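Okay, work-v1.cif is below, mmCIF, C-alpha atoms:
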data_run
#
loop_
_atom_site.label_atom_id
_atom_site.label_comp_id
_atom_site.auth_asym_id
_atom_site.auth_seq_id
_atom_site.Cartn_x
_atom_site.Cartn_y
_atom_site.Cartn_z
CA MET E 134 55.43 48.92 51.74
CA ILE E 135 53.97 52.38 51.53
CA ASN E 136 50.25 52.05 51.90
CA LEU E 137 47.19 54.19 51.94
CA HIS E 138 46.26 53.17 55.45
CA GLY E 139 48.93 55.03 57.39
CA THR E 140 47.89 57.43 60.12
CA VAL E 141 48.71 61.06 60.80
CA LYS E 142 50.21 59.87 64.06
CA SER E 143 52.78 57.60 62.39
CA TYR E 144 53.85 60.38 60.01
CA LEU E 145 54.05 62.87 62.87
CA ILE E 146 56.17 60.53 65.02
CA GLY E 147 58.48 59.83 62.07
CA PHE E 148 58.84 63.51 61.28
CA LEU E 149 59.56 64.60 64.85
CA LEU E 150 62.03 61.76 65.42
CA SER E 151 63.93 62.64 62.22
CA ILE E 152 64.16 66.30 63.17
CA ILE E 153 65.24 65.54 66.74
CA LEU E 154 67.87 63.01 65.63
CA SER E 155 69.24 65.46 63.03
CA LEU E 156 69.54 68.15 65.68
CA ILE E 157 71.23 65.77 68.12
CA ALA E 158 73.83 64.78 65.50
CA TYR E 159 74.34 68.44 64.57
CA ASN E 160 74.84 69.51 68.19
CA LEU E 161 77.21 66.62 68.85
CA VAL E 162 79.41 67.77 65.98
CA LEU E 163 79.31 71.42 67.10
CA THR E 164 80.10 70.76 70.75
CA HIS E 165 82.44 67.83 70.04
CA PRO E 166 82.20 66.28 73.53
CA ILE E 167 83.98 62.99 72.73
CA SER E 168 86.99 61.83 70.70
CA ASN E 169 86.92 61.95 66.91
CA ILE E 170 86.47 58.23 66.27
CA SER E 171 83.62 57.76 68.73
CA LEU E 172 81.95 60.96 67.52
CA ILE E 173 81.98 59.71 63.91
CA ALA E 174 80.74 56.28 64.98
CA LEU E 175 77.95 57.92 66.95
CA ILE E 176 76.70 60.20 64.14
CA ILE E 177 76.76 57.27 61.69
CA ILE E 178 74.68 55.23 64.14
CA ILE E 179 72.25 58.18 64.41
CA ALA E 180 71.99 58.29 60.60
CA PHE E 181 71.10 54.59 60.54
CA VAL E 182 68.49 55.10 63.25
CA GLN E 183 67.00 57.84 61.07
CA LEU E 184 67.00 55.44 58.12
CA PHE E 185 64.93 52.96 60.14
CA VAL E 186 62.63 55.70 61.42
CA GLN E 187 61.90 56.71 57.81
CA LEU E 188 61.45 53.11 56.65
CA ILE E 189 59.06 52.30 59.49
CA PHE E 190 57.01 55.49 59.86
CA PHE E 191 57.04 56.92 56.32
CA ILE E 192 57.42 53.99 53.97
CA HIS E 193 55.86 51.32 56.23
CA LEU E 194 58.35 48.77 54.97
CA GLY E 195 57.72 45.16 55.95
CA GLN E 196 54.19 45.86 57.23
CA ASP E 197 52.47 44.22 54.25
CA SER E 198 51.37 40.59 54.18
CA PRO E 199 53.95 37.88 53.42
CA PRO E 200 55.84 37.11 51.22
CA LYS E 201 57.57 40.39 51.95
CA TRP E 202 59.41 40.82 48.66
CA HIS E 203 59.98 44.54 49.19
CA LEU E 204 61.69 43.95 52.50
CA ILE E 205 63.80 41.07 51.15
CA PHE E 206 64.88 43.10 48.14
CA PHE E 207 65.72 46.05 50.36
CA ILE E 208 67.89 43.94 52.68
CA SER E 209 69.86 42.46 49.78
CA THR E 210 70.43 45.94 48.31
CA PHE E 211 71.48 47.19 51.73
CA CYS E 212 74.10 44.43 52.00
CA ALA E 213 75.38 45.16 48.48
CA ILE E 214 75.80 48.86 49.30
CA LEU E 215 77.54 48.03 52.57
CA ALA E 216 79.97 45.77 50.68
CA ILE E 217 80.66 48.48 48.08
CA VAL E 218 81.23 51.30 50.57
CA VAL E 219 83.06 49.45 53.35
CA GLY E 220 85.06 47.43 50.82
CA SER E 221 86.15 50.52 48.90
CA ILE E 222 87.25 52.36 52.01
CA TRP E 223 89.09 49.35 53.35
CA ILE E 224 90.91 48.54 50.11
CA MET E 225 91.84 52.11 49.31
CA SER E 226 93.13 52.92 52.79
CA HIS E 227 95.34 49.84 52.69
CA LEU E 228 96.57 50.75 49.22
CA ASN E 229 97.55 54.18 50.47
CA TYR E 230 99.29 52.64 53.43
CA ASN E 231 101.18 50.05 51.44
CA MET E 232 102.06 52.08 48.38
CA THR E 233 103.48 55.31 49.78
CA PRO E 234 106.70 56.25 48.01
CA LYS E 235 108.66 56.25 51.27
CA GLN E 236 107.91 52.62 51.95
CA MET E 237 108.48 51.68 48.33
CA ASN E 238 111.85 53.35 48.45
CA GLN E 239 112.73 51.48 51.60
CA TYR E 240 111.61 48.27 49.94
CA ILE E 241 113.76 48.91 46.87
CA LYS E 242 116.74 49.73 49.06
CA ASP E 243 116.32 46.55 51.09
CA GLN E 244 115.98 44.44 47.98
CA SER E 245 119.07 45.78 46.24
CA GLY E 246 121.15 45.80 49.42
CA ILE E 247 122.27 49.44 49.22
CA MET T 78 43.03 41.72 39.21
CA LYS T 79 43.38 45.49 39.43
CA GLU T 80 44.97 45.10 42.86
CA GLU T 81 47.56 42.77 41.36
CA VAL T 82 48.48 45.27 38.65
CA ASN T 83 48.96 47.92 41.35
CA ASP T 84 51.17 45.59 43.36
CA ARG T 85 53.31 44.89 40.34
CA THR T 86 53.68 48.58 39.56
CA PHE T 87 54.82 49.25 43.11
CA PHE T 88 57.27 46.40 43.06
CA GLY T 89 58.71 47.55 39.72
CA PHE T 90 59.18 51.02 41.10
CA TRP T 91 60.71 49.60 44.26
CA VAL T 92 63.27 47.73 42.14
CA TYR T 93 64.11 51.00 40.39
CA LEU T 94 64.58 52.73 43.76
CA MET T 95 66.90 49.98 44.96
CA THR T 96 69.11 50.26 41.86
CA ASP T 97 69.12 54.01 42.40
CA LEU T 98 70.33 53.40 45.93
CA LEU T 99 73.10 51.18 44.55
CA MET T 100 74.21 54.05 42.35
CA PHE T 101 74.27 56.38 45.34
CA GLY T 102 76.23 53.70 47.20
CA GLY T 103 78.89 53.85 44.49
CA LEU T 104 79.02 57.64 44.68
CA PHE T 105 79.29 57.52 48.48
CA ALA T 106 82.16 55.02 48.17
CA ALA T 107 83.97 57.28 45.67
CA PHE T 108 83.47 60.27 47.95
CA ALA T 109 84.67 58.41 51.04
CA VAL T 110 87.84 57.38 49.26
CA LEU T 111 88.58 60.76 47.64
CA ARG T 112 87.44 63.19 50.36
CA THR T 113 90.94 63.99 51.63
CA ASN T 114 92.49 64.41 48.15
CA SER T 115 92.11 68.18 47.93
CA PHE T 116 95.25 68.66 45.78
CA GLY T 117 96.44 71.68 47.78
CA GLY T 118 93.09 73.43 47.28
CA VAL T 119 90.20 73.87 49.68
CA THR T 120 89.44 71.07 52.11
CA GLU T 121 86.09 70.01 53.52
CA LYS T 122 86.34 72.24 56.58
CA ASP T 123 86.89 75.31 54.38
CA ILE T 124 83.73 75.06 52.32
CA TYR T 125 81.02 73.55 54.53
CA ASN T 126 78.58 75.88 56.25
CA LEU T 127 76.82 73.69 58.81
CA PRO T 128 73.91 75.94 59.91
CA TYR T 129 73.06 76.49 56.24
CA VAL T 130 73.07 72.75 55.54
CA LEU T 131 70.98 72.07 58.66
CA LEU T 132 68.33 74.42 57.31
CA GLU T 133 68.38 72.53 53.98
CA SER T 134 67.98 69.32 55.93
CA VAL T 135 64.97 70.60 57.89
CA LEU T 136 63.33 71.82 54.65
CA LEU T 137 63.68 68.41 53.03
CA LEU T 138 62.51 66.49 56.11
CA THR T 139 59.44 68.71 56.34
CA SER T 140 58.68 68.24 52.64
CA SER T 141 58.80 64.48 53.11
CA PHE T 142 56.31 64.85 55.96
CA THR T 143 53.90 66.97 53.90
CA ALA T 144 54.17 64.46 51.03
CA GLY T 145 53.11 61.72 53.45
CA LEU T 146 50.19 63.82 54.66
CA ALA T 147 49.14 64.39 51.04
CA ILE T 148 48.85 60.61 50.64
CA LEU T 149 46.65 60.43 53.74
CA SER T 150 44.29 63.14 52.50
CA SER T 151 44.12 61.50 49.08
CA THR T 152 42.55 58.39 50.61
CA LYS T 153 39.85 60.59 52.11
CA GLY T 154 39.17 62.08 48.68
CA ASN T 155 40.00 65.58 49.89
CA VAL T 156 41.25 67.19 46.66
CA LYS T 157 41.87 70.60 48.20
CA ALA T 158 44.02 69.18 50.99
CA VAL T 159 45.97 67.04 48.52
CA ILE T 160 46.69 70.00 46.25
CA GLY T 161 47.58 72.21 49.22
CA LEU T 162 49.94 69.68 50.79
CA LEU T 163 51.50 68.86 47.45
CA PHE T 164 52.04 72.55 46.87
CA ALA T 165 53.71 72.86 50.28
CA THR T 166 55.95 69.93 49.36
CA PHE T 167 56.74 71.62 46.07
CA LEU T 168 57.65 74.94 47.72
CA LEU T 169 59.87 73.22 50.30
CA GLY T 170 61.55 71.23 47.52
CA VAL T 171 62.14 74.37 45.46
CA SER T 172 63.65 76.19 48.46
CA PHE T 173 65.90 73.22 49.15
CA LEU T 174 67.12 73.09 45.56
CA GLY T 175 67.53 76.87 45.47
CA MET T 176 69.69 76.78 48.60
CA GLU T 177 71.82 74.01 47.16
CA LEU T 178 72.29 75.82 43.85
CA TYR T 179 73.20 79.02 45.73
CA GLU T 180 75.80 77.07 47.71
CA PHE T 181 77.23 75.60 44.50
CA SER T 182 77.28 78.92 42.65
CA ASN T 183 79.17 80.53 45.53
CA LEU T 184 81.77 77.77 45.36
CA PHE T 185 82.04 78.19 41.59
CA LYS T 186 82.45 81.95 41.96
CA GLU T 187 85.35 81.45 44.34
CA GLY T 188 86.94 79.13 41.79
CA HIS T 189 86.27 75.85 43.59
CA THR T 190 84.98 73.96 40.59
CA PHE T 191 84.64 70.30 39.63
CA GLN T 192 88.06 70.20 38.01
CA LYS T 193 90.06 71.58 40.95
CA SER T 194 90.54 68.38 42.93
CA ALA T 195 89.33 64.82 43.33
CA PHE T 196 87.56 65.87 46.52
CA LEU T 197 85.55 68.60 44.76
CA SER T 198 84.74 66.28 41.83
CA SER T 199 83.35 63.59 44.09
CA TYR T 200 81.56 66.14 46.29
CA PHE T 201 79.78 67.84 43.40
CA THR T 202 78.93 64.51 41.78
CA LEU T 203 77.38 63.04 44.94
CA VAL T 204 75.46 66.11 46.12
CA GLY T 205 74.65 67.17 42.55
CA THR T 206 73.17 63.78 41.64
CA HIS T 207 70.86 64.07 44.64
CA GLY T 208 69.96 67.59 43.48
CA VAL T 209 69.09 66.31 40.00
CA HIS T 210 66.77 63.74 41.59
CA ILE T 211 65.07 66.55 43.52
CA LEU T 212 64.64 68.45 40.25
CA VAL T 213 63.03 65.38 38.66
CA GLY T 214 60.73 65.12 41.69
CA LEU T 215 59.70 68.77 41.28
CA ILE T 216 58.85 68.25 37.60
CA TRP T 217 56.93 65.11 38.57
CA MET T 218 54.94 67.18 41.08
CA ILE T 219 53.98 69.73 38.41
CA ILE T 220 52.69 66.89 36.22
CA LEU T 221 50.74 65.50 39.21
CA PHE T 222 49.14 68.92 39.82
CA ILE T 223 47.89 69.08 36.25
CA TYR T 224 46.70 65.48 36.34
CA ILE T 225 44.77 65.84 39.61
CA LEU T 226 43.26 69.21 38.69
CA LYS T 227 42.07 67.82 35.35
CA ARG T 228 40.81 64.39 36.35
CA GLY T 229 40.33 64.51 40.11
CA LEU T 230 41.45 61.83 42.54
CA THR T 231 40.96 58.77 40.38
CA LYS T 232 42.47 55.38 41.19
CA SER T 233 45.33 56.03 38.82
CA ALA T 234 45.93 59.47 40.36
CA LEU T 235 46.21 57.80 43.77
CA ARG T 236 48.74 55.35 42.37
CA LYS T 237 50.83 58.11 40.79
CA LEU T 238 50.70 60.09 44.03
CA THR T 239 51.83 57.09 46.07
CA LEU T 240 54.72 56.33 43.72
CA PHE T 241 55.78 59.95 43.90
CA SER T 242 55.77 60.04 47.68
CA LEU T 243 57.80 56.83 47.77
CA PHE T 244 60.38 58.51 45.52
CA TRP T 245 60.38 61.62 47.71
CA HIS T 246 60.85 59.65 50.95
CA PHE T 247 63.79 57.93 49.34
CA LEU T 248 65.47 61.19 48.41
CA ASP T 249 65.02 62.16 52.04
CA ILE T 250 66.84 59.03 53.17
CA VAL T 251 69.69 59.66 50.74
CA TRP T 252 69.91 63.23 52.03
CA ILE T 253 70.17 62.06 55.66
CA PHE T 254 73.28 60.14 54.66
CA ILE T 255 74.69 63.05 52.66
CA PHE T 256 74.09 65.31 55.66
CA THR T 257 75.83 62.89 58.02
CA ILE T 258 78.62 61.41 55.94
CA VAL T 259 79.51 64.43 53.81
CA TYR T 260 78.79 67.46 55.98
CA LEU T 261 78.85 66.38 59.63
CA MET T 262 81.74 63.94 59.18
CA GLY T 263 83.62 66.37 56.95
CA VAL T 264 83.65 68.99 59.68
CA SER T 265 84.58 66.63 62.50
CA LEU T 266 87.21 64.55 60.70
#
Can I see the file as structure tokens?
Amino acid sequence: MINLHGTVKSYLIGFLLSIILSLIAYNLVLTHPISNISLIALIIIIAFVQLFVQLIFFIHLGQDSPPKWHLIFFISTFCAILAIVVGSIWIMSHLNYNMTPKQMNQYIKDQSGI
Amino acid sequence: MKEEVNDRTFFGFWVYLMTDLLMFGGLFAAFAVLRTNSFGGVTEKDIYNLPYVLLESVLLLTSSFTAGLAILSSTKGNVKAVIGLLFATFLLGVSFLGMELYEFSNLFKEGHTFQKSAFLSSYFTLVGTHGVHILVGLIWMIILFIYILKRGLTKSALRKLTLFSLFWHFLDIVWIFIFTIVYLMGVSL
């Protein structure tokens, strides 16, 4: 949990790491050295690293004494968000795949034996 | 006893922040699903200006840093440093919001409005909601200025300052994901 006992050093490390990681992700996208899928996976991983940098160095999450309710509540929220986002993308991409008019037409044709 | 009240206030605010994150999660999901549905209009690659967005990003990251430093100086009872750092945070926040509004107004001028396509609707809703939070944070900072200048660094001022910086760090985290998932991914997809 954010506390009043942080140090200038921890804030400075967090700040520099965030800036450096942002610039790395930015340069990766500009230079585009690897294939699309791995590039996207990589910049998402970098974003998550930045999330943890912020949580550790700025918010000091999980560094208070137990029971660590803040940390527990954060993890459960994190899982809920993951379910919402990944679930939505997964369901909608499959809907698009399964419900395109072309395939529906084919299906209707097959069913009626034209 | 007082310590316990403080703890409860922080936890209550933390719960608010988590529900706020859930809302942003929903908006991110909507954007991820709708991002390619440009309805024959502009696509992501047409409207994003990466160097401009990178500058926005750096401004917000720096403001989060100065907000953290303000907390540190507040524990040392250094009113001048707190006001100065808070003012720096405020200026960085204002420049960020100004840049975002300029970006939006340019899009509006070219006719790329909310109503044009599902992509633009979800884009403006996601980035705009973050912008509204920044605006709330800026108003909160003005109130903090007045409070600290009038009453000094009392215990309750410290608490308000800490809650504010927690809010500000969170907006920073949400922005990191907007920067990555909306802008960087939009250009490379």
Result set of the PyMOL selection byres ((chain T) within 6 of (chain E)) on the coordinates above, as a VMD selection string: chain T and resid 99 102 106 110
Expand the PyMOL selection byres ((chain T and resi 197-210) around 8) into the individual residues it matches in the shown file, reporting them as a ChimeraX atom specification. /T:101,104-105,107-108,111-112,115,174,177,189-196,211-214,248,251-252,255,259
For this file, the PyMOL selection byres ((chain T and resi 231) around 12) selects which residues, as a PyMOL selection string? chain T and resi 151-156+221+224-230+232-238
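What separates atom CA of Ile148 of chain T from atom CA of Thr239 of chain T is a distance of 6.5 Å.
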Which residues, protein or nucleic acid, reach to within 10 Å of (60.1, 65.3, 53.8) in the file's coordinates when using all atoms listed in the file, and can you give that as a ChimeraX atom specification? /E:148,151,187,191 /T:134-145,166,169-170,242,245-250
May I ask for the distance between atom CA of Leu132 of chain T and atom CA of Ser171 of chain E, given in Å to one decimal place? 25.3 Å
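With atom CA of Leu204 of chain E on one side and atom CA of Asn83 of chain T on the other, the separation reads 17.4 Å.
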Using all atoms listed in the file for the distances, tell me which of E:Leu154, E:Gln244, E:Ile189, E:Cys212 is nearest to Phe256 of chain T. E:Leu154
Only N, CA and C atoms, please: segment 137-182 of chain E from the block, as a PDB file, in the first residue's frame.
ATOM      1  N   LEU E 137       3.984   6.462   3.622  1.00  0.00           N
ATOM      2  CA  LEU E 137       4.698   7.725   3.722  1.00  0.00           C
ATOM      3  C   LEU E 137       6.167   7.477   4.016  1.00  0.00           C
ATOM      4  N   HIS E 138       6.584   6.217   3.854  1.00  0.00           N
ATOM      5  CA  HIS E 138       7.967   5.896   4.181  1.00  0.00           C
ATOM      6  C   HIS E 138       8.783   5.515   2.954  1.00  0.00           C
ATOM      7  N   GLY E 139       8.243   5.790   1.766  1.00  0.00           N
ATOM      8  CA  GLY E 139       8.996   5.494   0.553  1.00  0.00           C
ATOM      9  C   GLY E 139      10.256   6.345   0.498  1.00  0.00           C
ATOM     10  N   THR E 140      11.143   6.022  -0.439  1.00  0.00           N
ATOM     11  CA  THR E 140      12.368   6.797  -0.561  1.00  0.00           C
ATOM     12  C   THR E 140      12.434   7.432  -1.948  1.00  0.00           C
ATOM     13  N   VAL E 141      13.229   8.481  -2.057  1.00  0.00           N
ATOM     14  CA  VAL E 141      13.419   9.127  -3.353  1.00  0.00           C
ATOM     15  C   VAL E 141      13.957   8.102  -4.349  1.00  0.00           C
ATOM     16  N   LYS E 142      14.803   7.210  -3.830  1.00  0.00           N
ATOM     17  CA  LYS E 142      15.431   6.210  -4.700  1.00  0.00           C
ATOM     18  C   LYS E 142      14.369   5.327  -5.357  1.00  0.00           C
ATOM     19  N   SER E 143      13.399   4.847  -4.571  1.00  0.00           N
ATOM     20  CA  SER E 143      12.401   3.938  -5.137  1.00  0.00           C
ATOM     21  C   SER E 143      11.565   4.659  -6.202  1.00  0.00           C
ATOM     22  N   TYR E 144      11.226   5.933  -5.934  1.00  0.00           N
ATOM     23  CA  TYR E 144      10.463   6.679  -6.932  1.00  0.00           C
ATOM     24  C   TYR E 144      11.285   6.918  -8.197  1.00  0.00           C
ATOM     25  N   LEU E 145      12.578   7.201  -7.992  1.00  0.00           N
ATOM     26  CA  LEU E 145      13.451   7.477  -9.134  1.00  0.00           C
ATOM     27  C   LEU E 145      13.621   6.221  -9.992  1.00  0.00           C
ATOM     28  N   ILE E 146      13.839   5.078  -9.329  1.00  0.00           N
ATOM     29  CA  ILE E 146      13.980   3.817 -10.084  1.00  0.00           C
ATOM     30  C   ILE E 146      12.702   3.539 -10.871  1.00  0.00           C
ATOM     31  N   GLY E 147      11.542   3.686 -10.196  1.00  0.00           N
ATOM     32  CA  GLY E 147      10.263   3.429 -10.854  1.00  0.00           C
ATOM     33  C   GLY E 147      10.061   4.328 -12.059  1.00  0.00           C
ATOM     34  N   PHE E 148      10.396   5.598 -11.881  1.00  0.00           N
ATOM     35  CA  PHE E 148      10.214   6.574 -12.954  1.00  0.00           C
ATOM     36  C   PHE E 148      11.104   6.242 -14.155  1.00  0.00           C
ATOM     37  N   LEU E 149      12.397   6.011 -13.883  1.00  0.00           N
ATOM     38  CA  LEU E 149      13.326   5.729 -14.979  1.00  0.00           C
ATOM     39  C   LEU E 149      12.952   4.444 -15.708  1.00  0.00           C
ATOM     40  N   LEU E 150      12.583   3.410 -14.934  1.00  0.00           N
ATOM     41  CA  LEU E 150      12.193   2.144 -15.562  1.00  0.00           C
ATOM     42  C   LEU E 150      10.978   2.336 -16.468  1.00  0.00           C
ATOM     43  N   SER E 151       9.976   3.095 -15.992  1.00  0.00           N
ATOM     44  CA  SER E 151       8.776   3.316 -16.804  1.00  0.00           C
ATOM     45  C   SER E 151       9.125   4.009 -18.110  1.00  0.00           C
ATOM     46  N   ILE E 152       9.950   5.061 -18.005  1.00  0.00           N
ATOM     47  CA  ILE E 152      10.314   5.810 -19.209  1.00  0.00           C
ATOM     48  C   ILE E 152      11.073   4.911 -20.186  1.00  0.00           C
ATOM     49  N   ILE E 153      12.055   4.168 -19.651  1.00  0.00           N
ATOM     50  CA  ILE E 153      12.869   3.308 -20.519  1.00  0.00           C
ATOM     51  C   ILE E 153      12.000   2.253 -21.199  1.00  0.00           C
ATOM     52  N   LEU E 154      11.105   1.625 -20.423  1.00  0.00           N
ATOM     53  CA  LEU E 154      10.254   0.574 -21.000  1.00  0.00           C
ATOM     54  C   LEU E 154       9.318   1.146 -22.064  1.00  0.00           C
ATOM     55  N   SER E 155       8.785   2.360 -21.805  1.00  0.00           N
ATOM     56  CA  SER E 155       7.926   3.001 -22.803  1.00  0.00           C
ATOM     57  C   SER E 155       8.694   3.226 -24.092  1.00  0.00           C
ATOM     58  N   LEU E 156       9.933   3.719 -23.950  1.00  0.00           N
ATOM     59  CA  LEU E 156      10.737   4.009 -25.143  1.00  0.00           C
ATOM     60  C   LEU E 156      11.094   2.721 -25.882  1.00  0.00           C
ATOM     61  N   ILE E 157      11.366   1.653 -25.144  1.00  0.00           N
ATOM     62  CA  ILE E 157      11.679   0.378 -25.792  1.00  0.00           C
ATOM     63  C   ILE E 157      10.478  -0.083 -26.628  1.00  0.00           C
ATOM     64  N   ALA E 158       9.278  -0.052 -26.009  1.00  0.00           N
ATOM     65  CA  ALA E 158       8.083  -0.496 -26.724  1.00  0.00           C
ATOM     66  C   ALA E 158       7.853   0.373 -27.964  1.00  0.00           C
ATOM     67  N   TYR E 159       8.050   1.675 -27.789  1.00  0.00           N
ATOM     68  CA  TYR E 159       7.846   2.624 -28.895  1.00  0.00           C
ATOM     69  C   TYR E 159       8.800   2.328 -30.048  1.00  0.00           C
ATOM     70  N   ASN E 160      10.083   2.112 -29.705  1.00  0.00           N
ATOM     71  CA  ASN E 160      11.075   1.838 -30.748  1.00  0.00           C
ATOM     72  C   ASN E 160      10.836   0.503 -31.431  1.00  0.00           C
ATOM     73  N   LEU E 161      10.374  -0.479 -30.651  1.00  0.00           N
ATOM     74  CA  LEU E 161      10.055  -1.779 -31.245  1.00  0.00           C
ATOM     75  C   LEU E 161       8.987  -1.621 -32.317  1.00  0.00           C
ATOM     76  N   VAL E 162       7.952  -0.826 -31.998  1.00  0.00           N
ATOM     77  CA  VAL E 162       6.862  -0.649 -32.953  1.00  0.00           C
ATOM     78  C   VAL E 162       7.339   0.124 -34.181  1.00  0.00           C
ATOM     79  N   LEU E 163       8.206   1.118 -33.979  1.00  0.00           N
ATOM     80  CA  LEU E 163       8.688   1.906 -35.116  1.00  0.00           C
ATOM     81  C   LEU E 163       9.581   1.087 -36.035  1.00  0.00           C
ATOM     82  N   THR E 164      10.503   0.316 -35.432  1.00  0.00           N
ATOM     83  CA  THR E 164      11.453  -0.420 -36.269  1.00  0.00           C
ATOM     84  C   THR E 164      10.876  -1.749 -36.756  1.00  0.00           C
ATOM     85  N   HIS E 165       9.930  -2.305 -35.986  1.00  0.00           N
ATOM     86  CA  HIS E 165       9.223  -3.517 -36.395  1.00  0.00           C
ATOM     87  C   HIS E 165      10.171  -4.650 -36.772  1.00  0.00           C
ATOM     88  N   PRO E 166      11.059  -5.067 -35.846  1.00  0.00           N
ATOM     89  CA  PRO E 166      12.074  -6.065 -36.199  1.00  0.00           C
ATOM     90  C   PRO E 166      11.555  -7.501 -36.269  1.00  0.00           C
ATOM     91  N   ILE E 167      10.408  -7.787 -35.674  1.00  0.00           N
ATOM     92  CA  ILE E 167       9.923  -9.171 -35.657  1.00  0.00           C
ATOM     93  C   ILE E 167       8.509  -9.233 -36.225  1.00  0.00           C
ATOM     94  N   SER E 168       7.968 -10.441 -36.344  1.00  0.00           N
ATOM     95  CA  SER E 168       6.643 -10.598 -36.957  1.00  0.00           C
ATOM     96  C   SER E 168       5.573  -9.945 -36.082  1.00  0.00           C
ATOM     97  N   ASN E 169       4.422  -9.678 -36.717  1.00  0.00           N
ATOM     98  CA  ASN E 169       3.337  -8.962 -36.057  1.00  0.00           C
ATOM     99  C   ASN E 169       2.934  -9.573 -34.723  1.00  0.00           C
ATOM    100  N   ILE E 170       2.686 -10.876 -34.730  1.00  0.00           N
ATOM    101  CA  ILE E 170       2.146 -11.529 -33.531  1.00  0.00           C
ATOM    102  C   ILE E 170       3.142 -11.421 -32.378  1.00  0.00           C
ATOM    103  N   SER E 171       4.417 -11.714 -32.669  1.00  0.00           N
ATOM    104  CA  SER E 171       5.391 -11.665 -31.568  1.00  0.00           C
ATOM    105  C   SER E 171       5.641 -10.233 -31.114  1.00  0.00           C
ATOM    106  N   LEU E 172       5.540  -9.282 -32.052  1.00  0.00           N
ATOM    107  CA  LEU E 172       5.700  -7.876 -31.669  1.00  0.00           C
ATOM    108  C   LEU E 172       4.604  -7.467 -30.686  1.00  0.00           C
ATOM    109  N   ILE E 173       3.349  -7.839 -31.010  1.00  0.00           N
ATOM    110  CA  ILE E 173       2.225  -7.470 -30.145  1.00  0.00           C
ATOM    111  C   ILE E 173       2.354  -8.152 -28.788  1.00  0.00           C
ATOM    112  N   ALA E 174       2.729  -9.432 -28.808  1.00  0.00           N
ATOM    113  CA  ALA E 174       2.927 -10.144 -27.542  1.00  0.00           C
ATOM    114  C   ALA E 174       3.992  -9.441 -26.709  1.00  0.00           C
ATOM    115  N   LEU E 175       5.061  -9.020 -27.374  1.00  0.00           N
ATOM    116  CA  LEU E 175       6.177  -8.395 -26.660  1.00  0.00           C
ATOM    117  C   LEU E 175       5.768  -7.056 -26.041  1.00  0.00           C
ATOM    118  N   ILE E 176       5.046  -6.201 -26.806  1.00  0.00           N
ATOM    119  CA  ILE E 176       4.702  -4.901 -26.217  1.00  0.00           C
ATOM    120  C   ILE E 176       3.664  -5.054 -25.108  1.00  0.00           C
ATOM    121  N   ILE E 177       2.818  -6.098 -25.183  1.00  0.00           N
ATOM    122  CA  ILE E 177       1.867  -6.323 -24.086  1.00  0.00           C
ATOM    123  C   ILE E 177       2.621  -6.774 -22.836  1.00  0.00           C
ATOM    124  N   ILE E 178       3.631  -7.629 -23.044  1.00  0.00           N
ATOM    125  CA  ILE E 178       4.454  -8.060 -21.896  1.00  0.00           C
ATOM    126  C   ILE E 178       5.138  -6.840 -21.271  1.00  0.00           C
ATOM    127  N   ILE E 179       5.676  -5.938 -22.124  1.00  0.00           N
ATOM    128  CA  ILE E 179       6.331  -4.737 -21.606  1.00  0.00           C
ATOM    129  C   ILE E 179       5.345  -3.888 -20.801  1.00  0.00           C
ATOM    130  N   ALA E 180       4.092  -3.793 -21.278  1.00  0.00           N
ATOM    131  CA  ALA E 180       3.083  -3.027 -20.545  1.00  0.00           C
ATOM    132  C   ALA E 180       2.843  -3.636 -19.160  1.00  0.00           C
ATOM    133  N   PHE E 181       2.801  -4.972 -19.099  1.00  0.00           N
ATOM    134  CA  PHE E 181       2.589  -5.614 -17.803  1.00  0.00           C
ATOM    135  C   PHE E 181       3.785  -5.417 -16.874  1.00  0.00           C
ATOM    136  N   VAL E 182       4.996  -5.440 -17.450  1.00  0.00           N
ATOM    137  CA  VAL E 182       6.176  -5.160 -16.632  1.00  0.00           C
ATOM    138  C   VAL E 182       6.062  -3.757 -16.045  1.00  0.00           C
TER     139      VAL E 182
END
